[in-house]
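What follows is start.csv (CSV, C-alpha atoms).
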```csv
chain,number,residue,atom,x,y,z
A,270,ILE,CA,-12.9,-10.0,9.6
A,271,THR,CA,-10.4,-12.9,9.9
A,272,ALA,CA,-9.6,-14.4,13.2
A,273,ILE,CA,-6.0,-15.6,13.7
A,274,ARG,CA,-5.7,-18.1,16.6
A,275,MET,CA,-1.9,-18.6,16.9
A,276,ALA,CA,-0.9,-20.3,13.6
A,277,GLU,CA,-4.5,-20.8,12.3
A,278,ILE,CA,-6.7,-18.4,10.4
A,279,TYR,CA,-10.5,-18.6,10.5
A,280,SER,CA,-13.3,-16.7,8.8
A,281,SER,CA,-16.0,-15.1,10.8
A,282,ARG,CA,-18.0,-18.4,10.2
A,283,GLY,CA,-15.3,-20.4,11.9
A,284,GLU,CA,-14.1,-21.9,8.6
A,285,ARG,CA,-10.4,-22.4,7.8
A,286,LEU,CA,-9.2,-19.8,5.3
A,287,ASP,CA,-6.6,-20.4,2.7
A,288,ILE,CA,-6.7,-16.8,1.4
A,289,LEU,CA,-3.8,-15.6,3.4
A,290,PRO,CA,-0.4,-17.3,3.2
A,291,ALA,CA,0.6,-19.3,6.2
A,292,MET,CA,3.9,-17.5,6.3
A,293,THR,CA,5.1,-14.1,5.0
A,294,GLN,CA,8.8,-13.4,4.7
A,295,LEU,CA,9.6,-10.3,6.7
A,296,PRO,CA,11.7,-7.5,5.1
A,297,ALA,CA,15.4,-7.8,5.8
A,298,PRO,CA,15.6,-5.2,8.7
A,299,PHE,CA,13.0,-7.2,10.6
A,300,SER,CA,14.2,-10.7,9.9
A,301,ASP,CA,17.7,-9.5,10.8
A,302,TRP,CA,16.4,-8.0,14.0
A,303,PHE,CA,14.6,-11.2,15.1
A,304,ALA,CA,17.8,-13.3,14.2
A,305,GLY,CA,20.0,-10.9,16.1
A,306,ARG,CA,18.0,-11.6,19.2
A,307,GLY,CA,18.1,-15.3,18.6
A,308,TRP,CA,14.4,-15.3,17.9
A,309,GLN,CA,12.2,-16.7,15.1
A,310,PRO,CA,9.0,-14.7,14.4
A,311,HIS,CA,5.9,-16.5,15.4
A,312,ALA,CA,3.6,-17.7,12.6
A,313,HIS,CA,0.8,-15.5,13.8
A,314,GLN,CA,3.1,-12.5,13.7
A,315,GLN,CA,3.9,-13.2,10.0
A,316,GLN,CA,0.2,-13.9,9.4
A,317,MET,CA,-0.8,-10.5,10.7
A,318,VAL,CA,1.6,-8.9,8.2
A,319,ALA,CA,0.0,-11.0,5.5
A,320,ALA,CA,-3.5,-9.8,6.7
A,321,ALA,CA,-2.4,-6.2,6.5
A,322,ALA,CA,-1.0,-6.7,3.0
A,323,ASP,CA,-4.4,-8.2,2.0
A,324,GLY,CA,-6.2,-5.1,3.5
A,325,ALA,CA,-8.1,-7.4,5.9
A,326,HIS,CA,-9.4,-6.6,9.4
A,327,ALA,CA,-8.0,-9.1,11.8
A,328,LEU,CA,-8.6,-10.6,15.3
A,329,LEU,CA,-5.6,-12.2,16.9
A,330,ILE,CA,-6.3,-14.6,19.8
A,331,ALA,CA,-3.2,-15.7,21.7
A,332,PRO,CA,-2.3,-16.5,25.3
A,333,THR,CA,-0.3,-14.0,27.4
A,334,GLY,CA,3.3,-14.0,26.4
A,335,GLY,CA,2.5,-15.1,22.9
A,336,GLY,CA,3.9,-12.0,21.3
A,337,LYS,CA,0.5,-10.6,20.2
A,338,THR,CA,1.2,-7.0,20.9
A,339,LEU,CA,4.2,-7.0,18.7
A,340,ALA,CA,2.1,-8.9,16.1
A,341,GLY,CA,-0.4,-6.0,16.2
A,342,PHE,CA,2.3,-3.4,15.6
A,343,LEU,CA,4.5,-5.4,13.2
A,344,PRO,CA,2.4,-4.6,10.0
A,345,SER,CA,2.5,-0.9,10.8
A,346,LEU,CA,6.2,-0.9,11.4
A,347,VAL,CA,6.8,-2.8,8.2
A,348,ASP,CA,4.6,-0.4,6.2
A,349,LEU,CA,6.3,2.7,7.7
A,350,ALA,CA,9.8,1.2,7.1
A,351,SER,CA,9.0,0.7,3.5
A,352,ALA,CA,7.2,4.1,3.0
A,353,PRO,CA,8.2,6.6,5.7
A,354,ARG,CA,5.6,9.3,6.2
A,355,GLU,CA,4.5,12.0,8.6
A,356,GLY,CA,1.3,12.1,10.5
A,357,LEU,CA,-0.8,9.5,12.3
A,358,HIS,CA,-0.6,6.0,10.8
A,359,THR,CA,-1.7,3.7,13.7
A,360,LEU,CA,-3.8,4.2,16.7
A,361,TYR,CA,-3.3,1.8,19.6
A,362,ILE,CA,-6.1,1.6,22.2
A,363,SER,CA,-5.8,-0.2,25.5
A,364,PRO,CA,-8.1,-0.4,28.5
A,365,LEU,CA,-5.3,0.8,30.9
A,366,LYS,CA,-3.1,3.8,30.6
A,367,ALA,CA,-0.3,1.9,32.4
A,368,LEU,CA,-0.5,-0.7,29.6
A,369,SER,CA,-0.1,2.0,27.0
A,370,VAL,CA,3.0,3.3,28.7
A,371,ASP,CA,4.5,-0.2,29.0
A,372,VAL,CA,3.8,-1.1,25.4
A,373,HIS,CA,5.3,2.2,24.3
A,374,ARG,CA,8.4,1.5,26.3
A,375,ASN,CA,8.7,-2.0,24.7
A,376,LEU,CA,8.0,-0.6,21.2
A,377,GLU,CA,10.8,1.8,21.5
A,378,THR,CA,13.3,-1.0,21.5
A,379,PRO,CA,12.7,-2.5,18.0
A,380,ILE,CA,12.3,1.0,16.6
A,381,ALA,CA,15.6,2.1,18.0
A,382,GLU,CA,17.5,-1.1,17.2
A,383,MET,CA,16.3,-1.1,13.6
A,384,ALA,CA,16.8,2.6,13.3
A,385,LEU,CA,13.3,3.0,11.9
A,386,ALA,CA,12.1,6.5,11.0
A,387,VAL,CA,9.0,5.9,13.1
A,388,SER,CA,7.7,8.1,15.9
A,389,ALA,CA,5.6,6.7,18.8
A,390,GLU,CA,4.0,8.5,21.7
A,391,THR,CA,1.4,7.9,24.4
A,392,ARG,CA,-1.6,10.1,25.1
A,393,THR,CA,-3.4,9.5,28.4
A,394,GLY,CA,-4.8,11.6,31.2
A,395,ASP,CA,-1.2,12.1,32.5
A,396,THR,CA,0.1,13.6,29.3
A,397,PRO,CA,1.1,17.3,29.8
A,398,GLN,CA,-1.1,19.8,28.1
A,399,GLY,CA,1.7,21.2,26.0
A,400,LYS,CA,2.5,17.7,24.6
A,401,ARG,CA,-1.2,17.2,23.8
A,402,GLU,CA,-1.4,20.4,21.9
A,403,ARG,CA,1.7,19.5,19.9
A,404,GLN,CA,0.3,16.0,19.1
A,405,ARG,CA,-2.7,17.7,17.6
A,406,ARG,CA,-0.5,19.9,15.4
A,407,ASN,CA,2.0,17.2,14.6
A,408,PRO,CA,0.7,13.7,15.4
A,409,PRO,CA,3.2,10.8,15.8
A,410,ASN,CA,3.1,7.9,13.5
A,411,LEU,CA,2.0,5.6,16.3
A,412,LEU,CA,-0.3,7.0,19.1
A,413,LEU,CA,-1.0,4.8,22.1
A,414,THR,CA,-4.1,5.9,24.1
A,415,THR,CA,-7.2,4.8,26.0
A,416,PRO,CA,-10.9,4.9,25.1
A,417,GLU,CA,-11.4,8.0,27.2
A,418,SER,CA,-8.5,10.0,25.7
A,419,LEU,CA,-9.6,9.0,22.2
A,420,ALA,CA,-13.1,10.2,22.9
A,421,LEU,CA,-11.7,13.6,23.9
A,422,LEU,CA,-9.4,13.8,20.9
A,423,LEU,CA,-12.3,13.1,18.6
A,424,SER,CA,-14.3,15.9,20.1
A,425,TYR,CA,-11.9,18.6,18.8
A,426,PRO,CA,-12.8,20.6,15.7
A,427,ASP,CA,-9.6,19.5,14.0
A,428,ALA,CA,-10.2,15.7,14.6
A,429,GLY,CA,-10.8,15.2,10.9
A,430,ASP,CA,-7.3,16.6,10.1
A,431,ILE,CA,-5.7,14.5,12.9
A,432,PHE,CA,-7.1,11.2,11.8
A,433,ALA,CA,-7.4,11.8,8.0
A,434,GLY,CA,-4.4,9.6,7.2
A,435,LEU,CA,-5.1,6.9,9.8
A,436,ALA,CA,-4.3,3.4,8.3
A,437,CYS,CA,-4.9,1.1,11.3
A,438,VAL,CA,-6.6,0.9,14.7
A,439,VAL,CA,-5.2,-1.7,17.1
A,440,ILE,CA,-7.4,-2.6,20.1
A,441,ASP,CA,-5.5,-4.5,22.8
A,442,GLU,CA,-7.2,-6.6,25.4
A,443,LEU,CA,-10.3,-6.5,23.4
A,444,HIS,CA,-12.0,-9.1,25.7
A,445,ALA,CA,-11.9,-6.5,28.5
A,446,LEU,CA,-13.7,-3.9,26.5
A,447,ALA,CA,-16.3,-5.6,24.3
A,448,ASP,CA,-19.0,-6.2,26.9
A,449,ASN,CA,-19.2,-3.1,29.0
A,450,LYS,CA,-19.8,0.6,29.0
A,451,ARG,CA,-16.2,1.5,28.1
A,452,GLY,CA,-16.6,-0.7,25.1
A,453,ASP,CA,-19.8,1.1,24.2
A,454,GLN,CA,-17.9,4.4,24.3
A,455,LEU,CA,-15.1,2.9,22.2
A,456,ALA,CA,-17.6,1.6,19.7
A,457,LEU,CA,-18.9,5.1,19.2
A,458,ALA,CA,-15.4,6.4,18.8
A,459,LEU,CA,-14.7,3.7,16.2
A,460,SER,CA,-17.9,4.7,14.3
A,461,ARG,CA,-16.6,8.3,14.2
A,462,LEU,CA,-13.2,7.1,13.0
A,463,ALA,CA,-14.9,5.1,10.3
A,464,THR,CA,-16.3,8.3,8.8
A,465,VAL,CA,-13.1,10.3,9.1
A,466,ALA,CA,-10.7,7.5,8.0
A,467,PRO,CA,-12.9,4.9,6.2
A,468,GLU,CA,-9.9,2.9,4.8
A,469,ALA,CA,-8.4,2.3,8.3
A,470,ARG,CA,-8.1,-1.4,9.2
A,471,ARG,CA,-9.3,-2.7,12.6
A,472,VAL,CA,-7.2,-5.1,14.5
A,473,GLY,CA,-8.2,-6.8,17.7
A,474,LEU,CA,-5.8,-8.4,20.2
A,475,SER,CA,-7.2,-10.7,22.8
A,476,ALA,CA,-6.2,-13.4,25.3
A,477,THR,CA,-7.8,-16.8,24.8
A,478,VAL,CA,-11.6,-16.6,25.0
A,479,PRO,CA,-14.3,-19.3,24.7
A,480,ASP,CA,-16.3,-17.4,22.1
A,481,PRO,CA,-14.1,-15.7,19.4
A,482,GLN,CA,-17.3,-15.1,17.3
A,483,ALA,CA,-18.5,-12.5,19.8
A,484,LEU,CA,-15.3,-10.5,19.6
A,485,MET,CA,-15.3,-10.7,15.8
A,486,SER,CA,-18.9,-9.5,15.8
A,487,TRP,CA,-18.0,-6.5,18.0
A,488,LEU,CA,-14.9,-5.6,16.0
```

So that I can check it, write out the structure of this file as structure tokens.
Amino acid sequence: ITAIRMAEIYSSRGERLDILPAMTQLPAPFSDWFAGRGWQPHAHQQQMVAAAADGAHALLIAPTGGGKTLAGFLPSLVDLASAPREGLHTLYISPLKALSVDVHRNLETPIAEMALAVSAETRTGDTPQGKRERQRRNPPNLLLTTPESLALLLSYPDAGDIFAGLACVVIDELHALADNKRGDQLALALSRLATVAPEARRVGLSATVPDPQALMSWL
């Protein structure tokens, strides 16, 4: 697991890595989108794309407002833009269902403005039963959920079919989950996912913490 702290990349031993390039050029639709908004992609957002291209698990530590949520989704959006597909590609897990809803709302903007053939939906305790059943039959590319809803989804007999093509698991606010019972529940779910989709990368997103090593060990 590599840890990306803003523009720096560290190994799990705390050593500076030179394996991943410091900057990765984003594909034209993405670089054009950033430019159209008058933005420059953060170095750590580009490094997350590089980590995905390298097949590496990653932990991103950045302060609030540092663009880490977009950094977590950016590799998935780039991958789906280059190779559109049906089915579940990325599972996003947050400790709060309200956060999943907010992130989904914010995620719809770049998807719509770049006209990406990417579907994104939430699945929480508030999701209507009909929508839940449809998500089991036809999962979106990006599914935003909570540890509890994930545990329920994994309990279904067809869980293996739902998650068979999973490419990435993004865990937001990891520092809020790694040291409590909800985190223990999530760890069990991740173990189950590892048997169903062994190639899926794990990505952790966290606010600044004093001990990144603890989060890396958990992830």

From A:Phe342, A:Phe432, A:Phe303, A:Tyr425, residue lying nearest Glu382 of chain A [all atoms listed in the file]: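 Of A:Phe342, A:Phe432, A:Phe303, A:Tyr425, the one nearest Glu382 of chain A is A:Phe303, counting all atoms listed in the file.
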
Atom pair atom CA of Leu488 of chain A / atom CA of Gly335 of chain A: separation (Å):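 Here the two named atoms are 21.0 Å from each other.
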
Pick the closest to Met485 of chain A from A:Arg354, A:Arg401, A:His326, A:His311: which is it, counting only C-alpha atoms?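 Ranking A:Arg354, A:Arg401, A:His326, A:His311 by distance to Met485 of chain A, first place goes to A:His326.
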
Take atom CA of Leu343 of chain A and atom CA of Thr477 of chain A and report the distance between them in Å, one decimal.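 Atom CA of Thr477 of chain A lies at a distance of 20.4 Å from atom CA of Leu343 of chain A.
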
May I have the residues at most 10 Å from (8.9, 1.2, 19.5) in the file's coordinates, counting all atoms listed in the file, as a ChimeraX atom specification? /A:339,342,346,372-383,385,387-390,411

Give me the residues near segment 406-409 of chain A as a ChimeraX atom specification, where near means some atom within 12 Å (using all atoms listed in the file) and where sequence neighbours in that chain fewer than 5 positions away do not count. /A:349,354-361,386-392,399-401,422,425,427-428,430-435

Measure the distance from atom CA of Ala420 of chain A to atom CA of Pro479 of chain A in Å and round it to one decimal. 29.6 Å

Would you please work out which residue, of A:Thr393, A:Ser486, A:Ser424, A:Ser475, is nearest to Pro332 of chain A when using all atoms listed in the file? A:Ser475

Restricting the calculation to all atoms listed in the file: of A:Asp323, A:Asp348, A:Asp448, A:Asp395, which residue gets closest to Pro296 of chain A? A:Asp348

Residue contacts of Thr415 of chain A (7 Å, all atoms listed in the file) excluding same-chain residues fewer than 3 positions away, as a PyMOL selection string: chain A and resi 362-366+393+418-419

Kindly indicate which residue among A:Gln309, A:Thr338, A:Asn410, A:Gln315 lies nearest to Ala352 of chain A, using all atoms listed in the file for the distances.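 Nearest to Ala352 of chain A: A:Asn410.
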
Expected answer as a list in words: all residues with atoms within 9 Å of (-8.2, -11.4, 23.2), all atoms listed in the file: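 Residues found, by chain and rising number: Leu328, Leu329, Ile330, Ala331, Pro332, Asp441, Glu442, Leu443, His444, Ala445, Gly473, Leu474, Ser475, Ala476, Thr477, Val478, Pro481 and Leu484 of chain A.
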
With a distance cut-off of 12 Å and only C-alpha atoms, select the neighbouring residues of Ala456 of chain A, excluding the residue or stretch itself and same-chain residues fewer than 2 positions from it, and output the selection as JSON, numbers by chain. {"A": [362, 416, 417, 419, 420, 440, 443, 446, 447, 448, 449, 450, 451, 452, 453, 454, 458, 459, 460, 461, 462, 463, 471, 486, 487, 488]}

Nearest to Ala384 of chain A, chosen from A:Ala319, A:Leu295, A:Trp302, A:Ala327, with all atoms listed in the file counted in the distances: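 Looking only at the distances to Ala384 of chain A, the closest residue turns out to be A:Trp302.
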